[in-house]
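Okay, run-v7.pdb is below, PDB, C-alpha atoms:
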MODEL        1
ATOM      1  CA  MET A 206       4.549 -76.150 218.238
ATOM      2  CA  SER A 207       8.093 -75.027 218.904
ATOM      3  CA  VAL A 208       8.543 -74.049 215.251
ATOM      4  CA  HIS A 209       5.542 -71.712 215.333
ATOM      5  CA  LYS A 210       6.776 -69.986 218.543
ATOM      6  CA  LEU A 211      10.220 -69.265 216.977
ATOM      7  CA  THR A 212       8.695 -67.800 213.878
ATOM      8  CA  LEU A 213       6.427 -65.510 215.873
ATOM      9  CA  ALA A 214       9.304 -64.374 218.016
ATOM     10  CA  THR A 215      11.323 -63.566 214.918
ATOM     11  CA  LEU A 216       8.501 -61.504 213.500
ATOM     12  CA  VAL A 217       8.201 -59.552 216.715
ATOM     13  CA  VAL A 218      11.927 -58.732 216.653
ATOM     14  CA  VAL A 219      11.839 -57.655 212.972
ATOM     15  CA  ALA A 220       8.783 -55.495 213.558
ATOM     16  CA  GLY A 221      10.483 -53.823 216.507
ATOM     17  CA  LEU A 222      13.534 -53.030 214.448
ATOM     18  CA  SER A 223      11.404 -51.577 211.665
ATOM     19  CA  LEU A 224       9.515 -49.379 214.109
ATOM     20  CA  THR A 225      12.764 -48.087 215.611
ATOM     21  CA  ALA A 226      14.168 -47.255 212.149
ATOM     22  CA  CYS A 227      11.017 -45.328 211.256
ATOM     23  CA  GLN A 228      11.189 -43.348 214.500
ATOM     24  CA  ASN A 229      14.883 -42.462 213.849
ATOM     25  CA  ASN A 230      14.112 -41.285 210.323
ATOM     26  CA  ASP A 231      11.251 -39.127 211.560
ATOM     27  CA  LEU A 232      13.478 -37.632 214.271
ATOM     28  CA  ASP A 233      16.260 -36.824 211.777
ATOM     29  CA  GLY A 234      13.784 -35.131 209.466
ATOM     30  CA  ALA A 235      12.313 -33.073 212.284
ATOM     31  CA  THR A 236      15.788 -32.034 213.409
ATOM     32  CA  ALA A 237      16.764 -30.998 209.908
ATOM     33  CA  ALA A 238      13.548 -29.044 209.455
ATOM     34  CA  SER A 239      14.035 -27.132 212.719
ATOM     35  CA  THR A 240      17.665 -26.061 211.897
ATOM     36  CA  PRO A 241      17.728 -22.610 210.117
ATOM     37  CA  THR A 242      19.698 -22.403 206.885
ATOM     38  CA  ALA A 243      22.056 -19.384 206.390
ATOM     39  CA  THR A 244      21.295 -17.267 203.337
ATOM     40  CA  ALA A 245      23.611 -14.838 201.514
ATOM     41  CA  ALA A 246      22.877 -11.118 201.781
ATOM     42  CA  PRO A 247      21.534  -9.663 198.550
ATOM     43  CA  THR A 248      23.982  -7.645 196.421
ATOM     44  CA  LYS A 249      22.866  -4.141 195.348
ATOM     45  CA  ALA A 250      22.954  -3.947 191.616
ATOM     46  CA  ALA A 251      24.093  -0.873 189.775
ATOM     47  CA  PRO A 252      22.589   0.146 186.436
ATOM     48  CA  GLY A 253      23.717  -2.349 183.770
ATOM     49  CA  GLY A 254      23.659  -5.288 186.155
ATOM     50  CA  ASN A 255      27.040  -4.714 187.803
ATOM     51  CA  SER A 256      27.387  -4.604 191.561
ATOM     52  CA  ALA A 257      27.876  -1.067 192.897
ATOM     53  CA  PRO A 258      31.240  -0.641 194.711
ATOM     54  CA  ALA A 259      31.382   0.889 198.175
ATOM     55  CA  PRO A 260      32.605   4.547 198.432
ATOM     56  CA  ALA A 261      36.424   4.880 198.558
ATOM     57  CA  SER A 262      36.302   7.340 201.450
ATOM     58  CA  SER A 263      33.717   8.961 203.608
ATOM     59  CA  ALA A 264      33.447  11.887 205.920
ATOM     60  CA  PRO A 265      32.170  11.655 209.512
ATOM     61  CA  GLY A 266      28.464  10.826 209.444
ATOM     62  CA  GLY A 267      28.806   8.502 206.491
ATOM     63  CA  LYS A 268      28.683  11.164 203.763
ATOM     64  CA  ALA A 269      31.047  10.674 200.854
ATOM     65  CA  THR A 270      33.773  13.290 200.513
ATOM     66  CA  THR A 271      34.895  14.855 197.267
ATOM     67  CA  GLY A 272      37.876  17.098 196.495
ATOM     68  CA  GLY A 273      37.158  20.756 195.741
ATOM     69  CA  THR A 274      38.965  23.387 193.725
ATOM     70  CA  GLY A 275      39.896  26.730 195.242
ATOM     71  CA  SER A 276      40.419  30.071 193.577
ATOM     72  CA  THR A 277      42.888  32.834 194.264
ATOM     73  CA  ASP A 278      42.459  36.482 193.745
ATOM     74  CA  THR A 279      45.720  38.336 192.977
ATOM     75  CA  GLY A 280      44.173  41.601 193.918
ATOM     76  CA  LYS A 281      46.012  43.383 191.138
ATOM     77  CA  GLY A 282      44.327  46.539 189.888
ATOM     78  CA  GLY A 283      46.397  47.013 186.709
ATOM     79  CA  LYS A 284      48.457  50.086 185.906
ATOM     80  CA  CYS A 285      47.898  53.360 187.694
ATOM     81  CA  ARG A 286      45.848  55.715 185.551
ATOM     82  CA  THR A 287      45.784  59.502 185.735
ATOM     83  CA  ASP A 288      42.299  59.407 187.227
ATOM     84  CA  ASP A 289      43.597  57.069 189.972
ATOM     85  CA  LEU A 290      46.128  59.631 191.176
ATOM     86  CA  THR A 291      46.186  62.904 193.069
ATOM     87  CA  ILE A 292      49.203  64.775 191.685
ATOM     88  CA  THR A 293      50.865  67.688 193.471
ATOM     89  CA  ALA A 294      54.208  69.493 193.189
ATOM     90  CA  THR A 295      56.372  71.102 195.902
ATOM     91  CA  ASP A 296      59.602  73.079 195.913
ATOM     92  CA  ARG A 297      62.228  70.953 197.696
ATOM     93  CA  THR A 298      65.342  72.957 196.949
ATOM     94  CA  ILE A 299      68.098  72.729 199.557
ATOM     95  CA  ASP A 300      69.933  75.986 200.164
ATOM     96  CA  GLY A 301      73.396  75.994 198.651
ATOM     97  CA  ASP A 302      72.676  73.356 195.973
ATOM     98  CA  ALA A 303      73.769  74.264 192.455
ATOM     99  CA  GLN A 304      70.599  72.639 191.146
ATOM    100  CA  ARG A 305      67.110  73.522 192.285
ATOM    101  CA  THR A 306      64.528  70.767 192.868
ATOM    102  CA  VAL A 307      60.785  70.341 192.555
ATOM    103  CA  VAL A 308      59.297  67.088 193.840
ATOM    104  CA  VAL A 309      56.105  65.697 192.324
ATOM    105  CA  GLU A 310      53.891  63.459 194.469
ATOM    106  CA  LEU A 311      51.482  60.905 192.995
ATOM    107  CA  LYS A 312      48.997  59.581 195.559
ATOM    108  CA  ASN A 313      46.785  56.585 194.798
ATOM    109  CA  HIS A 314      43.141  57.339 195.658
ATOM    110  CA  SER A 315      41.589  54.667 193.398
ATOM    111  CA  GLY A 316      40.478  52.271 196.126
ATOM    112  CA  HIS A 317      42.790  49.492 194.884
ATOM    113  CA  ASP A 318      46.506  48.852 194.418
ATOM    114  CA  CYS A 319      48.015  49.643 191.020
ATOM    115  CA  SER A 320      51.404  49.276 189.376
ATOM    116  CA  ILE A 321      53.511  52.243 188.349
ATOM    117  CA  SER A 322      57.084  52.562 187.097
ATOM    118  CA  GLY A 323      59.176  54.422 184.567
ATOM    119  CA  TYR A 324      59.325  58.116 183.762
ATOM    120  CA  ALA A 325      56.441  60.547 183.833
ATOM    121  CA  GLY A 326      56.127  63.078 181.060
ATOM    122  CA  VAL A 327      57.043  66.556 182.315
ATOM    123  CA  ASP A 328      56.571  69.812 180.419
ATOM    124  CA  LEU A 329      57.306  73.281 181.767
ATOM    125  CA  LYS A 330      55.221  76.178 180.540
ATOM    126  CA  THR A 331      57.314  79.249 179.863
ATOM    127  CA  ASN A 332      56.800  82.678 178.333
ATOM    128  CA  ALA A 333      58.525  81.272 175.232
ATOM    129  CA  GLY A 334      56.365  78.161 174.926
ATOM    130  CA  SER A 335      56.419  74.656 176.343
ATOM    131  CA  MET A 336      59.662  72.909 177.312
ATOM    132  CA  SER A 337      59.872  69.116 177.806
ATOM    133  CA  ALA A 338      62.159  67.880 180.577
ATOM    134  CA  GLU A 339      64.763  65.254 179.691
ATOM    135  CA  ARG A 340      65.094  61.917 181.480
ATOM    136  CA  SER A 341      67.933  61.718 183.972
ATOM    137  CA  GLY A 342      68.930  58.212 182.881
ATOM    138  CA  GLU A 343      68.522  56.659 186.344
ATOM    139  CA  PRO A 344      67.380  53.011 186.326
ATOM    140  CA  VAL A 345      63.666  52.229 186.425
ATOM    141  CA  VAL A 346      62.391  50.019 189.246
ATOM    142  CA  PRO A 347      58.941  48.371 188.863
ATOM    143  CA  GLY A 348      56.645  48.949 191.808
ATOM    144  CA  VAL A 349      53.117  48.619 193.153
ATOM    145  CA  LEU A 350      51.468  51.700 194.591
ATOM    146  CA  LYS A 351      49.134  50.667 197.377
ATOM    147  CA  ASN A 352      45.806  52.366 197.800
ATOM    148  CA  GLY A 353      46.166  55.547 199.858
ATOM    149  CA  LYS A 354      49.958  55.652 199.478
ATOM    150  CA  SER A 355      52.229  57.977 197.479
ATOM    151  CA  THR A 356      55.276  57.775 195.282
ATOM    152  CA  PHE A 357      57.539  60.657 194.217
ATOM    153  CA  PHE A 358      59.891  61.794 191.494
ATOM    154  CA  GLY A 359      62.109  64.857 191.182
ATOM    155  CA  ILE A 360      62.590  67.609 188.637
ATOM    156  CA  SER A 361      65.966  69.345 188.725
ATOM    157  CA  TYR A 362      66.826  72.632 186.990
ATOM    158  CA  PRO A 363      69.544  75.265 187.264
ATOM    159  CA  ALA A 364      69.132  78.360 189.384
ATOM    160  CA  ASN A 365      68.982  81.665 187.518
ATOM    161  CA  ASN A 366      71.957  83.510 188.925
ATOM    162  CA  THR A 367      72.667  85.530 185.790
ATOM    163  CA  GLY A 368      70.772  88.595 186.896
ATOM    164  CA  GLY A 369      68.730  88.467 183.705
ATOM    165  CA  THR A 370      65.076  87.632 183.204
ATOM    166  CA  GLY A 371      65.758  84.331 181.465
ATOM    167  CA  LEU A 372      62.771  82.080 180.725
ATOM    168  CA  ARG A 373      59.829  82.810 182.947
ATOM    169  CA  LEU A 374      58.109  79.675 184.268
ATOM    170  CA  THR A 375      54.324  79.708 184.473
ATOM    171  CA  GLY A 376      53.142  76.111 184.879
ATOM    172  CA  LEU A 377      53.888  72.385 185.048
ATOM    173  CA  VAL A 378      52.231  69.615 183.026
ATOM    174  CA  VAL A 379      52.595  66.020 184.315
ATOM    175  CA  THR A 380      51.615  62.853 182.468
ATOM    176  CA  PRO A 381      51.946  59.597 184.482
ATOM    177  CA  PRO A 382      53.878  56.702 182.895
ATOM    178  CA  ASP A 383      51.981  54.753 180.209
ATOM    179  CA  GLU A 384      49.249  57.399 180.144
ATOM    180  CA  THR A 385      48.110  60.067 177.692
ATOM    181  CA  LYS A 386      45.956  62.141 180.078
ATOM    182  CA  SER A 387      47.857  65.003 181.705
ATOM    183  CA  VAL A 388      47.421  67.170 184.783
ATOM    184  CA  THR A 389      48.363  70.879 184.741
ATOM    185  CA  LEU A 390      49.737  72.343 187.991
ATOM    186  CA  GLN A 391      51.079  75.672 189.150
ATOM    187  CA  TRP A 392      54.870  75.811 189.059
ATOM    188  CA  PRO A 393      56.074  75.805 192.697
ATOM    189  CA  GLY A 394      59.773  76.498 192.085
ATOM    190  CA  ALA A 395      61.868  79.466 191.098
ATOM    191  CA  GLY A 396      60.242  81.921 188.733
ATOM    192  CA  SER A 397      62.702  81.580 185.863
ATOM    193  CA  LEU A 398      65.390  79.569 184.144
ATOM    194  CA  PRO A 399      68.684  81.156 183.123
ATOM    195  CA  ALA A 400      69.083  81.980 179.471
ATOM    196  CA  THR A 401      71.959  79.933 178.050
ATOM    197  CA  ASP A 402      73.590  79.084 174.776
ATOM    198  CA  THR A 403      74.638  75.623 176.022
ATOM    199  CA  PRO A 404      73.112  72.817 173.911
ATOM    200  CA  GLY A 405      70.708  70.427 175.564
ATOM    201  CA  ASN A 406      67.864  70.799 177.992
ATOM    202  CA  PRO A 407      68.895  71.913 181.490
ATOM    203  CA  VAL A 408      65.702  70.506 183.061
ATOM    204  CA  LYS A 409      65.937  66.841 184.103
ATOM    205  CA  VAL A 410      63.275  64.455 185.438
ATOM    206  CA  GLY A 411      63.965  61.317 187.489
ATOM    207  CA  PRO A 412      62.015  58.051 187.369
ATOM    208  CA  ILE A 413      59.072  57.227 189.602
ATOM    209  CA  GLY A 414      60.308  56.602 193.165
ATOM    210  CA  SER A 415      63.549  58.570 192.755
ATOM    211  CA  ALA A 416      62.747  61.453 195.077
ATOM    212  CA  GLY A 417      60.959  62.409 198.253
ATOM    213  CA  GLN A 418      60.027  59.443 200.430
ATOM    214  CA  GLY A 419      59.949  57.029 197.524
ATOM    215  CA  SER A 420      57.214  54.463 196.974
ATOM    216  CA  GLN A 421      55.361  53.719 200.239
TER     217      GLN A 421
ENDMDL
END
How does this structure look as structure tokens?
Amino acid sequence: MSVHKLTLATLVVVAGLSLTACQNNDLDGATAASTPTATAAPTKAAPGGNSAPAPASSAPGGKATTGGTGSTDTGKGGKCRTDDLTITATDRTIDGDAQRTVVVELKNHSGHDCSISGYAGVDLKTNAGSMSAERSGEPVVPGVLKNGKSTFFGISYPANNTGGTGLRLTGLVVTPPDETKSVTLQWPGAGSLPATDTPGNPVKVGPIGSAGQGSQ
């Protein structure tokens, strides 16, 4: 009788242990099932299967910025043409000077700046034909003639103090530098040049900007 009681008691203990183990296993499984598992964020794929890189820089608002190219306008209008200029001539002789002077004004009315430098072509009309003035030899200075502004050059010639008729002057022909189109003006200076046997041309022309108020 005592042997049967011990065996029954042992079975009860073993069964209790088995039940406890089963309950623990069920609890562990439930705990594991209720714990969320972290997952990696998906990677955006670029064409070809490679991951697309993030933009290197961005402007406020999240828009990507890109460098731009600017352009400059020099504003240059090229060389001054005859049609760009209003050309006039004025007697500017100073009393007592051995040489008489006519000043030629070239005013830019083109609507844009233009470059002008060098010597204009100058021909005097006389009763004996046309006479070309010689260059004075003064240095040439490059310049830009702004729209609405003027530049000047001088024509010098000897006064006719001989008492004779000499060469009668009737007109002035001006051709701007680097141009072939001329403008014919009335001669504003003295009415004649002295007749002379001295070689060379007594009429001299200075470069652009050499007289009057200069380039403005």
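CA of Gly394 (chain A) to CA of Asn332 (chain A) spans 15.4 Å [interatomic distance, one decimal].
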Here CA of Lys409 (chain A) and CA of Ile360 (chain A) stand apart by 5.7 Å
Judged by all atoms listed in the file, the minimum distance to Ala303 (chain A) among A:Ser361, A:Ser415, A:Thr356, A:Ser397 is found for A:Ser361
Min atom-atom distance to Asp302 (chain A) from the set A:Thr385, A:Gly316, A:Ser341, A:Ala364, counting all atoms listed in the file, belongs to A:Ala364
Separation of CA of Ile321 (chain A) from CA of Glu339 (chain A) in Å: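 CA of Ile321 (chain A) lies at a distance of 19.3 Å from CA of Glu339 (chain A).
Once the PyMOL selection byres ((chain A and resi 310) around 10) is applied to this file, the selection holds Leu290, Thr291, Ile292, Thr293, Ala294, Thr295, Val307, Val308, Val309, Leu311, Lys312, Asn313, Ser355, Thr356, Phe357, Phe358, Gly359, Ile413, Gly414, Ala416, Gly417, Gln418, Gly419 and Ser420 of chain A.
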Output of the above residues as a PDB file, in the frame of the given file, restricted to C-alpha atoms:
ATOM      1  CA  LEU A 290      46.128  59.631 191.176  1.00  0.00           C
ATOM      2  CA  THR A 291      46.186  62.904 193.069  1.00  0.00           C
ATOM      3  CA  ILE A 292      49.203  64.775 191.685  1.00  0.00           C
ATOM      4  CA  THR A 293      50.865  67.688 193.471  1.00  0.00           C
ATOM      5  CA  ALA A 294      54.208  69.493 193.189  1.00  0.00           C
ATOM      6  CA  THR A 295      56.372  71.102 195.902  1.00  0.00           C
ATOM      7  CA  VAL A 307      60.785  70.341 192.555  1.00  0.00           C
ATOM      8  CA  VAL A 308      59.297  67.088 193.840  1.00  0.00           C
ATOM      9  CA  VAL A 309      56.105  65.697 192.324  1.00  0.00           C
ATOM     10  CA  LEU A 311      51.482  60.905 192.995  1.00  0.00           C
ATOM     11  CA  LYS A 312      48.997  59.581 195.559  1.00  0.00           C
ATOM     12  CA  ASN A 313      46.785  56.585 194.798  1.00  0.00           C
ATOM     13  CA  SER A 355      52.229  57.977 197.479  1.00  0.00           C
ATOM     14  CA  THR A 356      55.276  57.775 195.282  1.00  0.00           C
ATOM     15  CA  PHE A 357      57.539  60.657 194.217  1.00  0.00           C
ATOM     16  CA  PHE A 358      59.891  61.794 191.494  1.00  0.00           C
ATOM     17  CA  GLY A 359      62.109  64.857 191.182  1.00  0.00           C
ATOM     18  CA  ILE A 413      59.072  57.227 189.602  1.00  0.00           C
ATOM     19  CA  GLY A 414      60.308  56.602 193.165  1.00  0.00           C
ATOM     20  CA  ALA A 416      62.747  61.453 195.077  1.00  0.00           C
ATOM     21  CA  GLY A 417      60.959  62.409 198.253  1.00  0.00           C
ATOM     22  CA  GLN A 418      60.027  59.443 200.430  1.00  0.00           C
ATOM     23  CA  GLY A 419      59.949  57.029 197.524  1.00  0.00           C
ATOM     24  CA  SER A 420      57.214  54.463 196.974  1.00  0.00           C
TER      25      SER A 420
END
Practice prompt. Enumerate, as a PyMOL selection string, the residues matched when the PyMOL selection byres ((chain A and resi 365-370) around 9) is run on the file above.
Written response: chain A and resi 363-364+371-373+395-400
Selection in question (the file shown): the PyMOL selection byres ((chain A and resi 324) around 8). Which residues does it include, as a tab-separated table (two decimals) with C-alpha atoms, in the coordinates of the input?
chain	number	residue	atom	x	y	z
A	322	SER	CA	57.08	52.56	187.10
A	323	GLY	CA	59.18	54.42	184.57
A	325	ALA	CA	56.44	60.55	183.83
A	326	GLY	CA	56.13	63.08	181.06
A	340	ARG	CA	65.09	61.92	181.48
A	345	VAL	CA	63.67	52.23	186.42
A	381	PRO	CA	51.95	59.60	184.48
A	382	PRO	CA	53.88	56.70	182.90
A	410	VAL	CA	63.28	64.46	185.44
A	411	GLY	CA	63.96	61.32	187.49
A	412	PRO	CA	62.02	58.05	187.37
A	413	ILE	CA	59.07	57.23	189.60
